[in-house]
file run.txt (compact mmCIF, C-alpha atoms)
# COMPACT_ATOMS: atom_id res chain seq x y z
CA MET V 11 -6.36 42.67 -6.50
CA ILE V 12 -6.90 39.23 -8.09
CA GLN V 13 -3.74 37.94 -6.44
CA ASP V 14 -5.01 39.18 -3.08
CA PHE V 15 -8.28 37.28 -3.48
CA ILE V 16 -6.37 34.15 -4.51
CA GLN V 17 -4.28 34.45 -1.37
CA ALA V 18 -7.41 34.99 0.75
CA ALA V 19 -8.97 31.87 -0.82
CA ARG V 20 -6.14 29.83 0.79
CA LEU V 21 -5.78 27.28 -1.97
CA ARG V 22 -3.68 25.06 0.30
CA THR V 23 -6.86 24.23 2.25
CA LEU V 24 -8.65 22.79 -0.78
CA PRO V 25 -7.07 19.29 -0.78
CA LEU V 26 -8.33 18.68 2.76
CA ALA V 27 -11.77 20.02 1.85
CA SER V 28 -11.95 17.67 -1.13
CA ALA V 29 -11.06 14.61 0.98
CA CYS V 30 -14.67 14.03 2.04
CA VAL V 31 -15.94 14.07 -1.54
CA LEU V 32 -13.15 11.75 -2.74
CA THR V 33 -13.96 9.27 0.00
CA GLY V 34 -17.71 9.46 -0.56
CA ALA V 35 -17.29 8.97 -4.30
CA GLY V 36 -15.07 5.94 -3.68
CA LEU V 37 -17.73 4.42 -1.45
CA ALA V 38 -20.43 5.11 -4.03
CA ALA V 39 -18.31 3.64 -6.83
CA ALA V 40 -17.90 0.41 -4.84
CA THR V 41 -21.67 -0.13 -5.10
CA GLY V 42 -21.25 -0.63 -8.84
CA MET V 43 -22.92 2.52 -10.10
CA PRO V 44 -22.22 3.49 -13.75
CA SER V 45 -18.92 5.33 -14.11
CA ASP V 46 -20.27 8.09 -16.39
CA ARG V 47 -22.93 9.03 -13.83
CA LEU V 48 -20.41 8.69 -11.00
CA TYR V 49 -17.91 11.12 -12.48
CA LEU V 50 -20.58 13.64 -13.49
CA LEU V 51 -22.00 13.84 -9.97
CA PHE V 52 -18.57 13.58 -8.39
CA GLY V 53 -17.43 16.62 -10.37
CA GLY V 54 -20.46 18.62 -9.23
CA CYS V 55 -19.95 17.65 -5.57
CA LEU V 56 -16.24 18.43 -5.74
CA LEU V 57 -16.79 21.88 -7.24
CA THR V 58 -19.48 22.64 -4.65
CA VAL V 59 -17.25 21.66 -1.74
CA ILE V 60 -14.35 23.68 -3.12
CA LEU V 61 -16.60 26.74 -3.41
CA LEU V 62 -17.85 26.18 0.15
CA GLN V 63 -14.28 26.04 1.42
CA VAL V 64 -13.35 29.23 -0.43
CA LEU V 65 -16.50 30.83 1.03
CA ALA V 66 -15.40 29.76 4.51
CA ASN V 67 -11.92 31.19 3.93
CA PHE V 68 -13.25 34.52 2.67
CA ALA V 69 -15.69 34.69 5.59
CA ASN V 70 -12.86 33.84 7.99
CA ASP V 71 -10.71 36.68 6.66
CA LEU V 72 -13.63 39.08 6.94
CA GLY V 73 -14.96 37.80 10.25
CA ASP V 74 -11.61 37.75 12.05
CA PHE V 75 -11.10 41.37 11.01
CA GLU V 76 -14.56 42.51 12.08
CA ASN V 77 -14.35 40.64 15.40
CA GLY V 78 -10.85 41.87 16.22
CA ALA V 79 -9.20 38.45 16.04
CA ASP V 80 -6.61 39.56 13.45
CA VAL V 81 -4.49 41.41 15.97
CA GLN V 82 -1.06 40.22 17.06
CA GLN V 83 0.97 42.19 19.58
CA GLY V 84 -1.31 45.19 19.10
CA GLN V 85 -0.97 45.27 15.29
CA GLU V 86 -3.19 44.03 12.48
CA ARG V 87 -1.93 40.88 10.75
CA LEU V 88 -0.33 41.71 7.42
CA ASP V 89 -0.92 38.18 6.10
CA ARG V 90 -4.70 38.67 6.13
CA ALA V 91 -6.28 40.44 3.17
CA VAL V 92 -8.85 42.62 4.95
CA ALA V 93 -6.80 43.34 8.08
CA SER V 94 -3.85 44.48 5.95
CA GLY V 95 -6.06 46.77 3.85
CA ARG V 96 -5.31 45.01 0.57
CA ILE V 97 -9.01 44.17 0.25
CA SER V 98 -11.72 46.34 1.78
CA ALA V 99 -14.38 44.84 4.03
CA SER V 100 -17.09 45.72 1.49
CA GLN V 101 -15.17 44.02 -1.32
CA MET V 102 -14.68 40.88 0.76
CA ARG V 103 -18.33 40.90 1.76
CA LEU V 104 -19.26 40.95 -1.94
CA ALA V 105 -16.86 38.07 -2.57
CA VAL V 106 -18.48 36.09 0.26
CA HIS V 107 -21.96 36.59 -1.17
CA SER V 108 -20.85 35.82 -4.74
CA THR V 109 -19.02 32.65 -3.74
CA GLY V 110 -21.97 31.54 -1.64
CA GLY V 111 -24.31 32.07 -4.58
CA LEU V 112 -22.06 30.07 -6.89
CA ALA V 113 -21.82 27.25 -4.35
CA PHE V 114 -25.62 27.14 -4.01
CA VAL V 115 -26.20 27.05 -7.78
CA CYS V 116 -23.54 24.40 -8.33
CA GLY V 117 -24.91 22.27 -5.49
CA LEU V 118 -28.49 22.68 -6.73
CA ILE V 119 -27.59 21.57 -10.27
CA THR V 120 -25.72 18.55 -8.87
CA VAL V 121 -28.66 17.55 -6.69
CA ILE V 122 -31.13 17.92 -9.59
CA LEU V 123 -28.93 15.68 -11.74
CA ALA V 124 -28.79 13.14 -8.90
CA VAL V 125 -32.44 12.94 -7.78
CA GLY V 126 -34.33 14.15 -10.85
CA GLN V 127 -37.92 15.26 -10.20
CA ASP V 128 -38.29 13.78 -6.73
CA TRP V 129 -39.29 17.11 -5.19
CA LEU V 130 -39.34 15.90 -1.59
CA GLU V 131 -35.83 14.50 -1.79
CA LEU V 132 -34.71 17.60 -3.69
CA ALA V 133 -36.05 19.81 -0.90
CA GLN V 134 -34.20 17.74 1.70
CA TRP V 135 -30.88 18.10 -0.11
CA VAL V 136 -31.45 21.82 -0.64
CA LEU V 137 -32.02 22.19 3.10
CA ILE V 138 -28.75 20.37 3.78
CA GLY V 139 -27.02 22.69 1.32
CA VAL V 140 -28.41 25.80 3.00
CA VAL V 141 -27.19 24.52 6.37
CA ALA V 142 -23.74 23.91 4.87
CA LEU V 143 -23.67 27.45 3.45
CA GLY V 144 -24.67 28.90 6.80
CA GLY V 145 -22.12 26.78 8.61
CA ALA V 146 -19.31 27.87 6.28
CA TYR V 147 -20.15 31.53 6.83
CA ALA V 148 -20.97 31.55 10.53
CA TYR V 149 -17.81 29.72 11.60
CA THR V 150 -15.89 32.97 12.15
CA ALA V 151 -18.18 35.60 10.60
CA GLY V 152 -21.29 37.31 11.88
CA LYS V 153 -22.13 38.62 15.33
CA LYS V 154 -21.77 35.29 17.14
CA PRO V 155 -19.31 33.07 15.23
CA TYR V 156 -19.49 29.57 16.63
CA GLY V 157 -15.80 28.96 15.91
CA TYR V 158 -15.00 31.42 18.70
CA SER V 159 -16.97 29.33 21.20
CA GLY V 160 -15.14 26.02 20.81
CA LEU V 161 -17.74 24.50 18.46
CA GLY V 162 -15.50 24.38 15.39
CA ASP V 163 -14.38 20.82 16.10
CA VAL V 164 -17.94 19.50 16.12
CA SER V 165 -18.81 21.30 12.88
CA VAL V 166 -15.72 19.96 11.11
CA LEU V 167 -16.50 16.41 12.22
CA LEU V 168 -20.04 16.83 10.91
CA PHE V 169 -19.39 18.64 7.62
CA PHE V 170 -16.02 17.13 6.65
CA GLY V 171 -16.87 13.72 8.08
CA PHE V 172 -20.36 12.33 8.38
CA ALA V 173 -22.25 14.77 6.12
CA GLY V 174 -19.37 15.21 3.67
CA VAL V 175 -18.41 11.56 3.22
CA ALA V 176 -21.65 9.66 3.85
CA GLY V 177 -23.74 12.44 2.30
CA THR V 178 -21.71 12.35 -0.91
CA ALA V 179 -21.95 8.56 -1.08
CA VAL V 180 -25.72 8.64 -0.57
CA LEU V 181 -26.28 11.40 -3.14
CA LEU V 182 -24.19 9.65 -5.77
CA SER V 183 -25.38 6.07 -5.22
CA GLY V 184 -28.97 6.67 -4.10
CA GLN V 185 -28.54 4.28 -1.17
CA PHE V 186 -27.14 4.20 2.35
CA ASP V 187 -24.79 1.66 3.92
CA PRO V 188 -24.22 2.00 7.71
CA ARG V 189 -20.64 0.81 7.21
CA TRP V 190 -19.91 4.12 5.49
CA LEU V 191 -20.00 5.80 8.89
CA PHE V 192 -16.59 4.31 9.68
CA PRO V 193 -14.61 6.02 6.86
CA ALA V 194 -16.76 9.11 7.43
CA ALA V 195 -15.60 9.17 11.05
CA ALA V 196 -11.98 8.60 9.98
CA ILE V 197 -11.86 11.50 7.53
CA GLY V 198 -13.82 13.68 9.95
CA LEU V 199 -11.44 12.98 12.86
CA PHE V 200 -8.36 13.58 10.70
CA SER V 201 -9.87 16.89 9.57
CA VAL V 202 -10.60 17.90 13.16
CA ALA V 203 -6.95 17.09 13.93
CA VAL V 204 -5.89 19.66 11.31
CA LEU V 205 -8.13 22.27 12.95
CA ASN V 206 -6.85 21.35 16.41
CA LEU V 207 -3.25 21.64 15.21
CA ASN V 208 -4.02 25.11 13.86
CA ASN V 209 -5.58 26.04 17.20
CA LEU V 210 -2.60 24.63 19.11
CA ARG V 211 -0.33 26.88 17.08
CA ASP V 212 -2.49 29.97 17.62
CA HIS V 213 -3.79 29.37 21.15
CA VAL V 214 -1.90 32.29 22.72
CA SER V 215 -3.15 34.90 20.24
CA ASP V 216 -6.61 33.31 20.20
CA ALA V 217 -6.91 33.64 23.97
CA ALA V 218 -5.72 37.25 23.83
CA THR V 219 -8.34 38.21 21.24
CA GLY V 220 -11.28 36.38 22.83
CA LYS V 221 -11.30 33.46 20.41
CA HIS V 222 -12.22 30.63 22.78
CA THR V 223 -11.31 27.59 20.72
CA LEU V 224 -11.37 24.15 22.30
CA VAL V 225 -7.60 24.39 22.80
CA VAL V 226 -7.99 27.64 24.70
CA ARG V 227 -10.71 26.08 26.82
CA MET V 228 -8.92 22.83 27.68
CA GLY V 229 -5.34 24.10 27.85
CA PHE V 230 -2.27 23.43 25.71
CA ASP V 231 -1.14 20.15 27.31
CA THR V 232 -4.60 18.60 27.42
CA ALA V 233 -5.14 19.63 23.80
CA LYS V 234 -2.05 17.63 22.84
CA ARG V 235 -3.63 14.49 24.30
CA TYR V 236 -6.88 15.36 22.53
CA HIS V 237 -4.89 15.66 19.30
CA ALA V 238 -3.51 12.16 19.76
CA ALA V 239 -7.00 10.82 20.42
CA LEU V 240 -8.26 12.34 17.16
CA LEU V 241 -5.59 10.74 15.01
CA ILE V 242 -5.67 7.38 16.77
CA GLY V 243 -9.47 7.38 16.67
CA GLY V 244 -9.37 8.04 12.93
CA TRP V 245 -7.14 5.05 12.30
CA ILE V 246 -9.27 2.82 14.52
CA ALA V 247 -12.34 3.82 12.50
CA LEU V 248 -10.57 3.10 9.21
CA VAL V 249 -9.33 -0.33 10.34
CA ALA V 250 -12.82 -1.11 11.64
CA PHE V 251 -14.22 -0.28 8.19
CA TRP V 252 -11.90 -2.77 6.54
CA GLN V 253 -13.02 -5.38 9.06
CA VAL V 254 -16.75 -4.85 8.53
CA ASP V 255 -16.35 -4.73 4.73
CA PRO V 256 -13.81 -7.49 4.01
CA GLU V 257 -15.22 -8.11 0.53
CA GLY V 258 -14.84 -4.49 -0.52
CA PRO V 259 -12.31 -3.33 -3.13
CA TRP V 260 -10.14 -1.59 -0.54
CA ARG V 261 -6.47 -2.20 -1.22
CA GLY V 262 -3.08 -0.69 -0.44
CA GLN V 263 -2.88 -1.30 3.32
CA LEU V 264 0.90 -1.00 3.12
CA TRP V 265 0.59 2.59 1.91
CA TYR V 266 -1.91 3.37 4.63
CA GLY V 267 0.65 2.02 7.08
CA LEU V 268 3.16 4.59 5.83
CA PHE V 269 0.61 7.38 6.40
CA ALA V 270 0.03 6.04 9.91
CA LEU V 271 3.79 6.22 10.55
CA VAL V 272 3.77 9.85 9.39
CA HIS V 273 1.06 10.52 11.95
CA ALA V 274 2.98 8.69 14.68
CA ARG V 275 6.10 10.73 14.03
CA HIS V 276 3.98 13.86 13.95
CA LEU V 277 2.50 13.07 17.37
CA SER V 278 5.99 12.59 18.79
CA LEU V 279 6.90 16.10 17.62
CA VAL V 280 3.67 17.60 18.95
CA PHE V 281 4.23 16.20 22.44
CA ARG V 282 7.82 17.48 22.49
CA THR V 283 6.90 20.95 21.22
CA LYS V 284 7.11 23.96 23.50
CA ASP V 285 7.40 26.61 20.77
CA THR V 286 4.06 26.64 18.93
CA ALA V 287 5.67 28.11 15.81
CA GLU V 288 7.16 24.65 15.18
CA LEU V 289 3.67 23.31 14.54
CA ASP V 290 3.13 25.43 11.42
CA GLY V 291 4.94 23.01 9.13
CA GLU V 292 2.99 20.07 10.54
CA LEU V 293 -0.31 21.41 9.24
CA LYS V 294 0.59 20.55 5.67
CA LYS V 295 1.67 17.03 6.65
CA ILE V 296 -1.62 16.12 8.30
CA ALA V 297 -3.76 17.84 5.67
CA LEU V 298 -1.96 16.15 2.76
CA SER V 299 -1.86 12.74 4.47
CA THR V 300 -5.63 12.98 5.02
CA PHE V 301 -6.09 13.88 1.36
CA SER V 302 -3.87 10.92 0.41
CA VAL V 303 -5.94 8.49 2.48
CA ALA V 304 -9.08 9.79 0.79
CA LEU V 305 -7.45 9.56 -2.64
CA PHE V 306 -6.47 5.92 -2.02
CA LEU V 307 -10.04 5.10 -0.99
CA PHE V 308 -11.33 6.81 -4.14
CA LEU V 309 -8.88 4.98 -6.42
CA SER V 310 -9.70 1.66 -4.76
CA GLY V 311 -13.43 2.17 -5.18
CA THR V 312 -13.19 3.29 -8.81
CA ALA V 313 -10.53 0.84 -10.02
call {"tool": "encode", "arguments": {"input": "run.txt", "output": "structure tokens"}}
result
Amino acid sequence: MIQDFIQAARLRTLPLASACVLTGAGLAAATGMPSDRLYLLFGGCLLTVILLQVLANFANDLGDFENGADVQQGQERLDRAVASGRISASQMRLAVHSTGGLAFVCGLITVILAVGQDWLELAQWVLIGVVALGGAYAYTAGKKPYGYSGLGDVSVLLFFGFAGVAGTAVLLSGQFDPRWLFPAAAIGLFSVAVLNLNNLRDHVSDAATGKHTLVVRMGFDTAKRYHAALLIGGWIALVAFWQVDPEGPWRGQLWYGLFALVHARHLSLVFRTKDTAELDGELKKIALSTFSVALFLFLSGTA
């Protein structure tokens, strides 16, 4: 049973989820905030985001089963915990609620440590946290999951990009720098690219089960061009950040260049691909390269 829940948690998704917090913490560290306070709040944010991602994965497993999206060629998917019968719907529902509760408590403690007794600011962060919890659950769960309507891309850009990166930096540092929107956009666009790649791979089964992702709506070939725009846009945003913050501690452009080459080679494969099964191995490449970019920004900011 425990192994089944671990599988349903999809631990391979956690590095990508943590990318926004790593980047935000790197930006906050570059402001010169004390390292002991930085790492305390960073740890709380990281644990909260990980719990939110696990919540989203549990809700996805449950929601896809309840909405009939876990059917391939007339049979339930054996790789999904609820659809295969390894975990009952009621057990997964309990796991969703428990994980959501843990995420809320962890986030609340982190916010209290960050803002102290400023009740107005505390209320604002709690509201943001509640929205994040609702967004993680409602992506593919509930009666009207927004992920089935092509809105997943927007939510990923918001939660993994602007809210995740800039929000973390603001919470940790207590200030806001408009230049942070550039790396926030970069990480957000790279994260959307991972989602789009997943949807490119699954577009046939998604269309058959009524899951109207953006790929299903725009078509396979157009979605390839959209995929290229996401990755190229991410790199443009990152280069723009280095230009508007030339005095920042950001180093290692050579390594970033290698990640960009990985993305370029990836795009070449995507445009040549006819068999969507070939895209499965590419998911890990883009997710881990995004995590690596975030890690380099974090190490640069904290060095």
call {"tool": "closest_residue", "arguments": {"input": "run.txt", "among": "V:Asn70, V:Thr232, V:Gln134, V:Ser28", "to": "V:Tyr156", "atoms": "all atoms listed in the file"}}
result
V:Asn70
call {"tool": "closest_residue", "arguments": {"input": "run.txt", "among": "V:Ala105, V:Val225, V:Ile296, V:Ala179", "to": "V:Val92", "atoms": "all atoms listed in the file"}}
result
V:Ala105
call {"tool": "residues_around", "arguments": {"input": "run.txt", "residues": "V:Leu48", "least_positions_apart": "3", "cutoff": "9 Å", "atoms": "all atoms listed in the file", "output": "list in words"}}
result
Ala35, Ala38, Ala39, Met43, Pro44, Ser45, Leu51, Phe52, Gly53, Leu182 and Ser183 of chain V
call {"tool": "atom_distance", "arguments": {"input": "run.txt", "atom1": "atom CA of V:Ser302", "atom2": "atom CA of V:Val204"}}
result
14.1 Å
call {"tool": "closest_residue", "arguments": {"input": "run.txt", "among": "V:Val31, V:Leu264, V:Leu143, V:Leu289", "to": "V:His213", "atoms": "all atoms listed in the file"}}
result
V:Leu289
call {"tool": "closest_residue", "arguments": {"input": "run.txt", "among": "V:His222, V:Ser100, V:Val175, V:Gln63", "to": "V:Arg22", "atoms": "all atoms listed in the file"}}
result
V:Gln63
call {"tool": "residues_around", "arguments": {"input": "run.txt", "residues": "V:Ser201", "least_positions_apart": "4", "cutoff": "12 Å", "atoms": "all atoms listed in the file", "output": "PyMOL selection string"}}
result
chain V and resi 23-30+162-172+174-175+194-197+205-208+237+240-241+243-244+293-301+303-304
